[in-house]
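Q: So I've got this file, entry06.csv, and it contains CSV, C-alpha atoms and all ligand atoms:
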chain,number,residue,atom,x,y,z
A,77,MET,CA,0.0,0.0,0.0
A,78,LYS,CA,1.1,3.5,-0.7
A,79,LYS,CA,-0.2,7.1,-0.1
A,80,CYS,CA,-0.7,9.3,-3.1
A,81,SER,CA,1.0,12.6,-2.6
A,82,THR,CA,-1.8,14.5,-4.5
A,83,CYS,CA,-5.1,13.0,-3.3
A,84,ARG,CA,-3.6,11.7,-0.1
A,85,GLU,CA,-5.5,8.4,-0.4
A,86,VAL,CA,-3.9,5.1,0.5
A,87,ARG,CA,-4.0,2.7,-2.4
A,88,SER,CA,-2.5,-0.5,-3.5
A,89,LEU,CA,0.8,-0.4,-5.4
A,90,ASP,CA,-1.0,-1.4,-8.6
A,91,ASP,CA,-2.8,1.9,-8.6
A,92,PHE,CA,0.6,3.7,-9.0
A,93,SER,CA,2.4,3.5,-12.4
A,94,LYS,CA,5.9,2.1,-12.6
A,95,ASP,CA,8.7,4.7,-12.1
A,96,ARG,CA,12.2,3.2,-11.9
A,97,SER,CA,13.7,6.4,-10.5
A,98,ARG,CA,11.8,5.9,-7.2
A,99,THR,CA,13.1,3.6,-4.5
A,100,ASP,CA,9.9,1.6,-4.4
A,101,GLY,CA,9.7,1.5,-8.2
A,102,ARG,CA,6.4,3.3,-8.3
A,103,SER,CA,5.3,6.9,-9.0
A,104,TYR,CA,4.4,9.2,-6.1
A,105,VAL,CA,1.0,10.1,-7.5
A,106,CYS,CA,-1.7,7.5,-8.1
A,107,LYS,CA,-2.8,6.7,-11.7
A,108,SER,CA,-6.0,8.6,-11.5
A,109,CYS,CA,-4.3,11.8,-10.2
A,110,GLN,CA,-1.7,11.4,-12.9
A,111,SER,CA,-4.3,11.1,-15.6
A,112,ILE,CA,-6.1,14.2,-14.3
A,113,SER,CA,-2.9,16.2,-14.2
A,114,SER,CA,-1.8,15.1,-17.6
A,115,LYS,CA,-5.2,16.0,-19.1
A,116,LYS,CA,-4.8,19.5,-17.4
A,117,TYR,CA,-1.4,19.8,-18.9
A,118,ARG,CA,-2.6,18.9,-22.4
A,119,THR,CA,-5.4,21.4,-22.3
A,120,ALA,CA,-3.1,24.2,-21.0
A,121,HIS,CA,-0.4,23.5,-23.6
A,122,SER,CA,-2.5,22.3,-26.5
A,123,ASP,CA,-1.0,24.9,-28.9
A,124,LYS,CA,2.5,23.8,-28.1
A,125,ILE,CA,1.6,20.1,-28.3
A,126,ASN,CA,-0.2,20.5,-31.6
A,127,ALA,CA,2.8,22.4,-33.0
A,128,GLN,CA,5.1,19.6,-31.8
A,129,ASN,CA,2.9,17.0,-33.3
A,130,ARG,CA,2.9,18.7,-36.6
A,131,ILE,CA,6.7,18.9,-36.6
A,132,TYR,CA,6.9,15.2,-35.8
A,133,GLU,CA,4.4,14.4,-38.6
A,134,GLN,CA,6.3,16.4,-41.1
A,135,LYS,CA,9.6,14.7,-40.1
A,136,ALA,CA,7.9,11.3,-40.4
A,137,LYS,CA,6.4,12.1,-43.8
A,138,LYS,CA,9.8,13.3,-45.1
A,139,LYS,CA,11.5,10.2,-43.8
A,140,ILE,CA,8.9,8.0,-45.5
A,141,LYS,CA,9.2,9.9,-48.7
A,142,ASN,CA,13.0,9.6,-48.7
A,143,ARG,CA,12.8,5.9,-48.0
A,144,LYS,CA,10.4,5.4,-50.9
A,145,LYS,CA,12.6,7.5,-53.2
A,146,ALA,CA,15.7,5.5,-52.3
A,147,TYR,CA,13.7,2.2,-52.8
A,148,TYR,CA,12.5,3.5,-56.2
A,149,GLU,CA,16.0,4.5,-57.3
A,150,LYS,CA,17.4,1.1,-56.3
A,151,ASN,CA,14.7,-0.9,-58.0
A,152,LYS,CA,13.9,1.5,-60.9
A,153,GLU,CA,14.2,-1.0,-63.8
A,154,ARG,CA,12.1,-3.6,-62.0
A,155,ILE,CA,9.4,-1.2,-61.0
A,156,LEU,CA,9.1,0.4,-64.4
A,157,THR,CA,8.9,-3.0,-66.1
A,158,ARG,CA,6.2,-4.1,-63.7
A,159,ASN,CA,4.3,-0.9,-64.3
A,160,ARG,CA,4.5,-1.3,-68.0
A,161,VAL,CA,3.2,-4.9,-67.8
A,162,TRP,CA,0.4,-3.8,-65.5
A,163,ALA,CA,-0.6,-0.9,-67.8
A,164,ARG,CA,-0.7,-3.2,-70.8
A,165,ALA,CA,-3.0,-5.6,-69.0
A,166,ASN,CA,-5.2,-2.9,-67.5
A,167,LYS,CA,-5.5,-0.4,-70.3
A,168,LYS,CA,-8.7,1.4,-69.1
A,169,LYS,CA,-7.5,1.7,-65.5
A,170,ALA,CA,-4.1,2.9,-66.6
A,171,GLN,CA,-5.6,5.6,-68.8
A,172,ASP,CA,-7.9,6.7,-66.0
A,173,GLN,CA,-4.9,7.0,-63.6
A,174,GLN,CA,-3.0,9.0,-66.2
A,175,ASN,CA,-5.9,11.3,-66.8
A,176,LYS,CA,-6.3,11.9,-63.1
A,177,ARG,CA,-2.6,12.7,-62.7
A,178,ALA,CA,-2.8,15.1,-65.6
A,179,ARG,CA,-5.8,16.9,-64.0
A,180,GLU,CA,-4.0,17.2,-60.7
A,181,ARG,CA,-0.9,18.6,-62.4
A,182,SER,CA,-3.1,21.1,-64.5
A,183,LYS,CA,-4.3,22.5,-61.2
A,184,THR,CA,-0.8,23.4,-59.9
A,185,ASP,CA,1.4,23.8,-62.9
A,186,PRO,CA,0.6,26.7,-65.2
A,187,LEU,CA,3.2,25.8,-67.8
A,188,TYR,CA,1.8,22.3,-68.0
A,189,ARG,CA,-1.7,23.7,-68.5
A,190,LEU,CA,-0.4,26.0,-71.2
A,191,ARG,CA,1.2,23.2,-73.2
A,192,LYS,CA,-1.8,21.0,-72.8
A,193,ASN,CA,-4.4,23.6,-73.9
A,194,ILE,CA,-2.4,24.9,-76.8
A,195,ARG,CA,-1.9,21.3,-78.1
A,196,THR,CA,-5.6,20.6,-77.8
A,197,SER,CA,-6.4,23.8,-79.6
A,198,MET,CA,-3.9,23.2,-82.4
A,199,ARG,CA,-5.4,19.7,-82.8
A,200,ARG,CA,-8.8,21.3,-83.2
A,201,TYR,CA,-7.5,23.4,-86.1
A,202,LEU,CA,-5.9,20.3,-87.6
A,203,ILE,CA,-2.5,21.9,-88.0
A,204,ARG,CA,-0.7,19.7,-85.6
A,205,LYS,CA,-0.3,16.9,-88.1
A,206,GLN,CA,1.8,19.1,-90.4
A,207,LYS,CA,4.2,20.4,-87.7
A,208,LYS,CA,5.0,19.9,-84.1
A,209,THR,CA,3.1,22.5,-81.9
A,210,SER,CA,6.4,23.9,-80.6
A,211,GLU,CA,7.5,24.5,-84.1
A,212,ILE,CA,4.4,26.5,-84.9
A,213,ILE,CA,4.7,28.5,-81.7
A,214,GLY,CA,8.2,29.3,-82.7
A,215,CYS,CA,9.8,29.2,-79.2
A,216,SER,CA,10.1,27.0,-76.2
A,217,TRP,CA,7.2,26.5,-73.8
A,218,LEU,CA,9.1,28.4,-71.1
A,219,GLU,CA,9.8,31.3,-73.5
A,220,LEU,CA,6.1,31.3,-74.5
A,221,TRP,CA,5.2,31.5,-70.8
A,222,HIS,CA,7.5,34.4,-70.3
A,223,HIS,CA,6.1,36.1,-73.4
A,224,LEU,CA,2.6,35.7,-72.1
A,225,CYS,CA,3.5,37.0,-68.7
A,226,ASN,CA,5.1,40.0,-70.4
A,227,SER,CA,1.9,40.6,-72.3
A,228,PHE,CA,-0.1,40.5,-69.1
A,229,GLU,CA,2.2,43.1,-67.5
A,230,ALA,CA,2.0,45.3,-70.6
A,231,ASN,CA,-1.8,45.0,-71.0
A,232,TYR,CA,-2.7,45.4,-67.4
A,233,GLY,CA,0.2,47.1,-65.6
A,234,MET,CA,0.3,44.4,-63.0
A,235,PRO,CA,3.2,42.2,-62.0
A,236,ARG,CA,3.1,38.7,-63.4
A,237,SER,CA,2.9,37.2,-59.9
A,238,TRP,CA,-0.7,38.6,-59.7
A,239,LEU,CA,-1.7,36.6,-62.7
A,240,GLU,CA,-2.7,33.5,-60.7
A,241,ALA,CA,-5.3,35.6,-58.9
A,242,PHE,CA,-7.3,36.0,-62.1
A,243,GLU,CA,-9.1,33.8,-64.5
A,244,TYR,CA,-7.4,34.3,-67.9
A,245,ASP,CA,-7.2,33.0,-71.4
A,246,ILE,CA,-4.6,32.9,-74.0
A,247,ASP,CA,-5.9,35.1,-76.8
A,248,HIS,CA,-4.9,35.2,-80.5
A,249,ILE,CA,-4.4,38.9,-81.2
A,250,ILE,CA,-5.5,38.2,-84.8
A,251,PRO,CA,-8.2,35.5,-84.4
A,252,ILE,CA,-7.0,32.1,-85.6
A,253,GLY,CA,-10.5,31.6,-87.1
A,254,SER,CA,-9.6,34.2,-89.7
A,255,GLY,CA,-6.9,32.0,-91.2
A,256,SER,CA,-8.0,30.3,-94.4
A,257,SER,CA,-5.0,28.2,-95.3
A,258,VAL,CA,-2.7,26.0,-93.3
A,259,GLU,CA,0.1,28.5,-93.8
A,260,GLU,CA,-2.0,31.3,-92.5
A,261,LEU,CA,-3.1,29.2,-89.5
A,262,MET,CA,0.5,28.4,-88.7
A,263,ARG,CA,1.4,32.1,-88.9
A,264,LEU,CA,-1.4,33.0,-86.5
A,265,GLY,CA,-0.3,30.3,-84.1
A,266,HIS,CA,3.1,32.0,-83.7
A,267,PHE,CA,3.9,33.1,-80.2
A,268,SER,CA,4.0,36.8,-81.3
A,269,ASN,CA,0.3,36.6,-82.1
A,270,LEU,CA,-0.5,35.4,-78.6
A,271,GLN,CA,-1.3,37.4,-75.5
A,272,ILE,CA,-3.0,37.0,-72.2
A,273,LEU,CA,-6.4,38.5,-71.6
A,274,LEU,CA,-8.4,38.3,-68.4
A,275,ARG,CA,-11.4,36.2,-69.0
A,276,GLU,CA,-13.9,39.1,-68.5
A,277,ASP,CA,-12.1,41.2,-71.2
A,278,ASN,CA,-11.9,38.2,-73.5
A,279,GLN,CA,-15.6,37.7,-73.2
A,280,THR,CA,-16.5,41.3,-73.9
A,281,LYS,CA,-14.1,41.2,-76.9
A,282,GLY,CA,-16.8,39.0,-78.3
A,283,VAL,CA,-14.4,36.7,-80.0
A,284,LYS,CA,-14.5,33.0,-79.4
A,285,LEU,CA,-11.7,32.3,-77.0
A,286,ASP,CA,-8.8,30.4,-78.1
A,287,TYR,CA,-7.3,28.6,-75.2
A,288,THR,CA,-8.8,28.3,-71.8
A,289,LEU,CA,-6.3,28.1,-69.0
B,1,ZN,ZN,-4.1,10.4,-6.1
Take the structure in this file and express it as structure tokens.
Ligand SMILES: [Zn+2]

A:
Amino acid sequence: MKKCSTCREVRSLDDFSKDRSRTDGRSYVCKSCQSISSKKYRTAHSDKINAQNRIYEQKAKKKIKNRKKAYYEKNKERILTRNRVWARANKKKAQDQQNKRARERSKTDPLYRLRKNIRTSMRRYLIRKQKKTSEIIGCSWLELWHHLCNSFEANYGMPRSWLEAFEYDIDHIIPIGSGSSVEELMRLGHFSNLQILLREDNQTKGVKLDYTL
């Protein structure tokens, strides 16, 4: 039997948790007092505890990510082969997965969105078959993105970092619908004929929009 230093009640040793730093090997407060005080502590320090937990979580996530990455690097060939075999056997599922990944990436990567939408649009005008889209554009995708950001800055007098706050379209200054031959369409597809317009302006312009971003 032992007396709890908090509630002063005499209880059996089993009611005290083990504590090797004590001579009798048991804590000086009973289990129920201990649980009350630790609850109190958690409530009083919840911000600190939550912050700590978040740090632990992040560290753990990073660790898992690194471990996965290392595993992938080590087994790359085997994994890629396995994935290819799986994709061949599960064509529909594989396609769905790929589409889903593309949608996710579209949400976060403006350059990716740009490439995808311009390709789609080019395909609509059937000029892709003659030349690669990047050849028609006449510059790299990154250069095109910079060109478009510049046009946004010039048209609206706002820094490019503000662009993401708006809904915008890529607009053909001379509408691509006015091209009547493949050569003309290709000329109109050149990056120098492209600019960024905010969606509301593009709609009031009354022209069918070219690329939706
Ligand atoms: Zn107690």

Q: Here's a test: counting only C-alpha atoms, identify every protein, DNA and RNA residue with an atom at most 12 Å from (7.7, 27.3, -72.6) in the file's coordinate frame, and state them as a list of chain:residue names.

A: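 The distance filter leaves exactly A:Pro186, A:Leu187, A:Tyr188, A:Arg189, A:Leu190, A:Arg191, A:Lys192, A:Ile194, A:Thr209, A:Ser210, A:Glu211, A:Ile213, A:Gly214, A:Cys215, A:Ser216, A:Trp217, A:Leu218, A:Glu219, A:Leu220, A:Trp221, A:His222, A:His223, A:Leu224, A:Cys225, A:Phe267.
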
Q: Would you save the residues of that selection, restricted to C-alpha atoms, as a PDB file, keeping the file's coordinate frame?

A:
ATOM      1  CA  PRO A 186       0.600  26.700 -65.200  1.00  0.00           C
ATOM      2  CA  LEU A 187       3.200  25.800 -67.800  1.00  0.00           C
ATOM      3  CA  TYR A 188       1.800  22.300 -68.000  1.00  0.00           C
ATOM      4  CA  ARG A 189      -1.700  23.700 -68.500  1.00  0.00           C
ATOM      5  CA  LEU A 190      -0.400  26.000 -71.200  1.00  0.00           C
ATOM      6  CA  ARG A 191       1.200  23.200 -73.200  1.00  0.00           C
ATOM      7  CA  LYS A 192      -1.800  21.000 -72.800  1.00  0.00           C
ATOM      8  CA  ILE A 194      -2.400  24.900 -76.800  1.00  0.00           C
ATOM      9  CA  THR A 209       3.100  22.500 -81.900  1.00  0.00           C
ATOM     10  CA  SER A 210       6.400  23.900 -80.600  1.00  0.00           C
ATOM     11  CA  GLU A 211       7.500  24.500 -84.100  1.00  0.00           C
ATOM     12  CA  ILE A 213       4.700  28.500 -81.700  1.00  0.00           C
ATOM     13  CA  GLY A 214       8.200  29.300 -82.700  1.00  0.00           C
ATOM     14  CA  CYS A 215       9.800  29.200 -79.200  1.00  0.00           C
ATOM     15  CA  SER A 216      10.100  27.000 -76.200  1.00  0.00           C
ATOM     16  CA  TRP A 217       7.200  26.500 -73.800  1.00  0.00           C
ATOM     17  CA  LEU A 218       9.100  28.400 -71.100  1.00  0.00           C
ATOM     18  CA  GLU A 219       9.800  31.300 -73.500  1.00  0.00           C
ATOM     19  CA  LEU A 220       6.100  31.300 -74.500  1.00  0.00           C
ATOM     20  CA  TRP A 221       5.200  31.500 -70.800  1.00  0.00           C
ATOM     21  CA  HIS A 222       7.500  34.400 -70.300  1.00  0.00           C
ATOM     22  CA  HIS A 223       6.100  36.100 -73.400  1.00  0.00           C
ATOM     23  CA  LEU A 224       2.600  35.700 -72.100  1.00  0.00           C
ATOM     24  CA  CYS A 225       3.500  37.000 -68.700  1.00  0.00           C
ATOM     25  CA  PHE A 267       3.900  33.100 -80.200  1.00  0.00           C
TER      26      PHE A 267
END

Q: Could you work out how far CA of Met262 (chain A) lies from CA of Phe242 (chain A), giving the answer in Å with one decimal?

A: 28.7 Å

Q: List the neighbours of Ile212 (chain A) out to 8 Å using all atoms listed in the file; skip same-chain residues closer than 6 positions along the sequence, and give me the result as a list of chain:residue names.

A: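 The contact residues come out as A:Met262, A:Arg263, A:Gly265, A:His266.
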
Q: Against ligand ZN 1 (chain B), which residues of chain A fall within 9 Å? For each one I want the closest pair of atoms and the distance in Å (one decimal), counting all atoms listed in the file, rows by chain and increasing residue number, as JSON lines.

A:
{"residue": "A:Lys79", "atom": "CA", "partner": "B:ZN1", "partner_atom": "ZN", "distance": 7.9}
{"residue": "A:Cys80", "atom": "CA", "partner": "B:ZN1", "partner_atom": "ZN", "distance": 4.7}
{"residue": "A:Ser81", "atom": "CA", "partner": "B:ZN1", "partner_atom": "ZN", "distance": 6.6}
{"residue": "A:Thr82", "atom": "CA", "partner": "B:ZN1", "partner_atom": "ZN", "distance": 5.0}
{"residue": "A:Cys83", "atom": "CA", "partner": "B:ZN1", "partner_atom": "ZN", "distance": 3.9}
{"residue": "A:Arg84", "atom": "CA", "partner": "B:ZN1", "partner_atom": "ZN", "distance": 6.2}
{"residue": "A:Glu85", "atom": "CA", "partner": "B:ZN1", "partner_atom": "ZN", "distance": 6.2}
{"residue": "A:Val86", "atom": "CA", "partner": "B:ZN1", "partner_atom": "ZN", "distance": 8.5}
{"residue": "A:Arg87", "atom": "CA", "partner": "B:ZN1", "partner_atom": "ZN", "distance": 8.5}
{"residue": "A:Asp91", "atom": "CA", "partner": "B:ZN1", "partner_atom": "ZN", "distance": 9.0}
{"residue": "A:Phe92", "atom": "CA", "partner": "B:ZN1", "partner_atom": "ZN", "distance": 8.7}
{"residue": "A:Tyr104", "atom": "CA", "partner": "B:ZN1", "partner_atom": "ZN", "distance": 8.6}
{"residue": "A:Val105", "atom": "CA", "partner": "B:ZN1", "partner_atom": "ZN", "distance": 5.3}
{"residue": "A:Cys106", "atom": "CA", "partner": "B:ZN1", "partner_atom": "ZN", "distance": 4.3}
{"residue": "A:Lys107", "atom": "CA", "partner": "B:ZN1", "partner_atom": "ZN", "distance": 6.8}
{"residue": "A:Ser108", "atom": "CA", "partner": "B:ZN1", "partner_atom": "ZN", "distance": 6.0}
{"residue": "A:Cys109", "atom": "CA", "partner": "B:ZN1", "partner_atom": "ZN", "distance": 4.3}
{"residue": "A:Gln110", "atom": "CA", "partner": "B:ZN1", "partner_atom": "ZN", "distance": 7.3}

Q: Could you write those residues out with C-alpha atoms, as a CSV table (one decimal), in the coordinates of the input?

A:
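As a result, result19.csv now contains:
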chain,number,residue,atom,x,y,z
A,79,LYS,CA,-0.2,7.1,-0.1
A,80,CYS,CA,-0.7,9.3,-3.1
A,81,SER,CA,1.0,12.6,-2.6
A,82,THR,CA,-1.8,14.5,-4.5
A,83,CYS,CA,-5.1,13.0,-3.3
A,84,ARG,CA,-3.6,11.7,-0.1
A,85,GLU,CA,-5.5,8.4,-0.4
A,86,VAL,CA,-3.9,5.1,0.5
A,87,ARG,CA,-4.0,2.7,-2.4
A,91,ASP,CA,-2.8,1.9,-8.6
A,92,PHE,CA,0.6,3.7,-9.0
A,104,TYR,CA,4.4,9.2,-6.1
A,105,VAL,CA,1.0,10.1,-7.5
A,106,CYS,CA,-1.7,7.5,-8.1
A,107,LYS,CA,-2.8,6.7,-11.7
A,108,SER,CA,-6.0,8.6,-11.5
A,109,CYS,CA,-4.3,11.8,-10.2
A,110,GLN,CA,-1.7,11.4,-12.9

Q: Find the residues near region 231-238 of chain A: any atom within 9 Å, counting all atoms listed in the file, skip ones fewer than 4 places away on the same chain, and give them as a list in words.

A: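 What passes the distance filter is Cys225, Asn226, Ser227, Phe242, Gln271, Ile272 and Leu273 of chain A.
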
Q: State, in Å with one decimal place, the distance from CA of Arg102 (chain A) to CA of Leu89 (chain A).

A: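 Between CA of Arg102 (chain A) and CA of Leu89 (chain A) the gap is 7.3 Å.
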
Q: For each of A:Ile125, A:Leu270, A:Val258, A:Ala120, take the minimum atom-to-atom distance to Ile246 (chain A), counting all atoms listed in the file, then give the residue where this is smallest.

A: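 Nearest candidate to Ile246 (chain A) out of A:Ile125, A:Leu270, A:Val258, A:Ala120: A:Leu270.
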
Q: Kindly indicate which residue among A:Lys167, A:Asn129, A:Asp245, A:Asp100 lies nearest to Asp277 (chain A), using only C-alpha atoms for the distances.

A: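 The closest residue to Asp277 (chain A) is A:Asp245.
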
Q: Please compute the CA of Asp90 (chain A)-CA of Ser103 (chain A) distance, one decimal, in Å.

A: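 Those two atoms sit 10.4 Å apart.
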